[in-house]
Amino acid sequence: MTLLMLSVTTWAAVGDKYEIIFNGSNVVKLNGAEIAAEDYLTWNSAKHNFNAKFTGCTYAGNSFTKGLKMEGATLVQWTATAESKVIIVQSNWSKNTIKFDDEELDVASSAEIEGGMVYTLENIQAGTHTVKRGSGETGIFYISVEYTGEAKIQLDTPTFDVDPETGTVAINPVDNMKEIRYTTDGTNPGADAGEVYAAPFKVEDGTTVKAVAIGEGNFINSAMATTLVLVDGVTVKMPVIKQQNGTVYIKSETIGSTIEYSLDQATWKNGDRAFTLFESATVYARALREGSITSEVASEKILVNKAPTNTEKVYLFYDNPDNPTIWGYCNENTMEGQGGTAYYGYEMSISGNDTKNWSSADPVIVPGIQVPGMTFPGDSVTTLKLSNGAQNTISFEGKKAVRLTFYSYVNGAEAAATAATGWREVNGVEYDYAEVPMCCFNDLRREAEGVDEEGNPVIKEVKDMAGNADVRVYDLDFVEDKVTFTNKGTQICFVAVLDLATANTVVDHSATEGVYEMKAATAQKGETFNMAGQKVDAAFRGIVIRDGKKMIRK
């Protein structure tokens, strides 16, 4: 992740006060007058959002109704050009902590106010400072930086010259610097950390070099510079193909390489993201990088079960054209219909943690889903956004589930690229989501939706999942009454389809479960067996296998 670090362009004076106000947006004021936020601070835009549960606090003349949600990847950062006093106002929605310059603040040291906690930090030296999440999810309302010392000047950021043929790195000097310090092991250089740069040096392919110009006197350290060194002529390593329920993820250990895959070794497609197959096939994959030798081709047989037929489908999303309040009670931890009753007998809830909830996310177009009252593609539904780590339960009393399918995207492409994300548990089965992480990002598409009174196109912005859907399929063995699922990692937004069994449902798991193939091989065509492999007659009720396919008789 690359963050552009900017400092205030004017000289700071003792008494100057910068206020950073998080109340549904980023606002920065200098001595009461609003200035451009991007001229003073930077933030991780991929994980920078606001939530109304952080509310009910008044401070410095501001009534806060929507504070900044501090998640695992959230970062707020600024550069002060003088010694300062820093005040941070945190929501008291929870007693979870925040970090200032990577040190956890002690909740006991804060001053309690209605709806919030106030930290006062004295004698903070000039330089770059950060606020991050500490022990868990919480919210931030306000930060002030009041200069108490004389102004200093931040040094320019160092630049690199890299020779791709040899991997030699040169770091260019910066005016007024004391020295340049650098690292090649992933750690951050500083005044007392890293090597002092003296002459160009060689590194291995895939090495990240970090450098900072060290100041003294009236000059403070520069922002950190980073470069990834890729050496020409290396042979890219053969990629590894992973699969989970038909979803394929291909990875190369060679840094900076990209993936291509094929089903016939004639037509190749980009395979940097996970993709899902709906029929069994052999996947071929290769890794390549400009200036390097393309890897050998890897191959893997992907086994995919056929979709169950003659099922009753339940669609999970935030709204519904026939009942716009179907999911209107999300933050009460149950999904209910009009008047507080379960919607058509189905209910969704969160178990085990009353601080977890879910809410609406962005609308999406999901090709192929047929929802009553909607036509795809063209119309869109609103996705659900889940709390991380919460176990969700779908209840369908008196019925049996045979498949659960998720159409998902990751809330923040940059964050997703640096952390594994996925469904950790479905119906009590644990999955290694790091093996096949979600890689479908929140790409946007603009779509015309008619014209206004003056004849101008009306444009809405929706996420189109055609060609960019992370589809996860979980086959269920006629699960009764309820099914659970738990997400983990970067926040997931999704639409889901639950297939429930009817009297005519046919399930075929022969692609992945040899038991069905074995029983089918010993059976005569038209014979029916129970799950123990015993032959049964037409009067038998329950789960049966007939002609190698599983079905339910009621």
# chains A, B, ... in the order shown; residues from 1 in each chain; ligands from 1
call {"tool": "residues_around", "arguments": {"residues": "segment 143-147 of chain A", "least_positions_apart": "3", "cutoff": "9 Å", "atoms": "only C-alpha atoms", "output": "list in words"}}
result
Ala12, Ala13, Val14, Gly15, Asp16, Lys17, Tyr18, Glu19, Ile20, Ile21, Phe22, Ala80, Thr81, Ala82, Glu83, Ser84, Lys85, Val86, Ile87, Ile88, Val89, Ile140, Glu150 and Ala151 of chain A
call {"tool": "residues_around", "arguments": {"residues": "segment 403-411 of chain A", "least_positions_apart": "4", "cutoff": "8 Å", "atoms": "only C-alpha atoms", "output": "PyMOL selection string"}}
result
chain A and resi 46-47+308+366+416+421+438-442+469-476+490-500
call {"tool": "select_by_dssp", "arguments": {"residues": "segment 162-197 of chain A", "states": "strand (DSSP E)", "output": "MDAnalysis selection string"}}
result
chainID A and resid 162:163 168:171 179:183 195:196
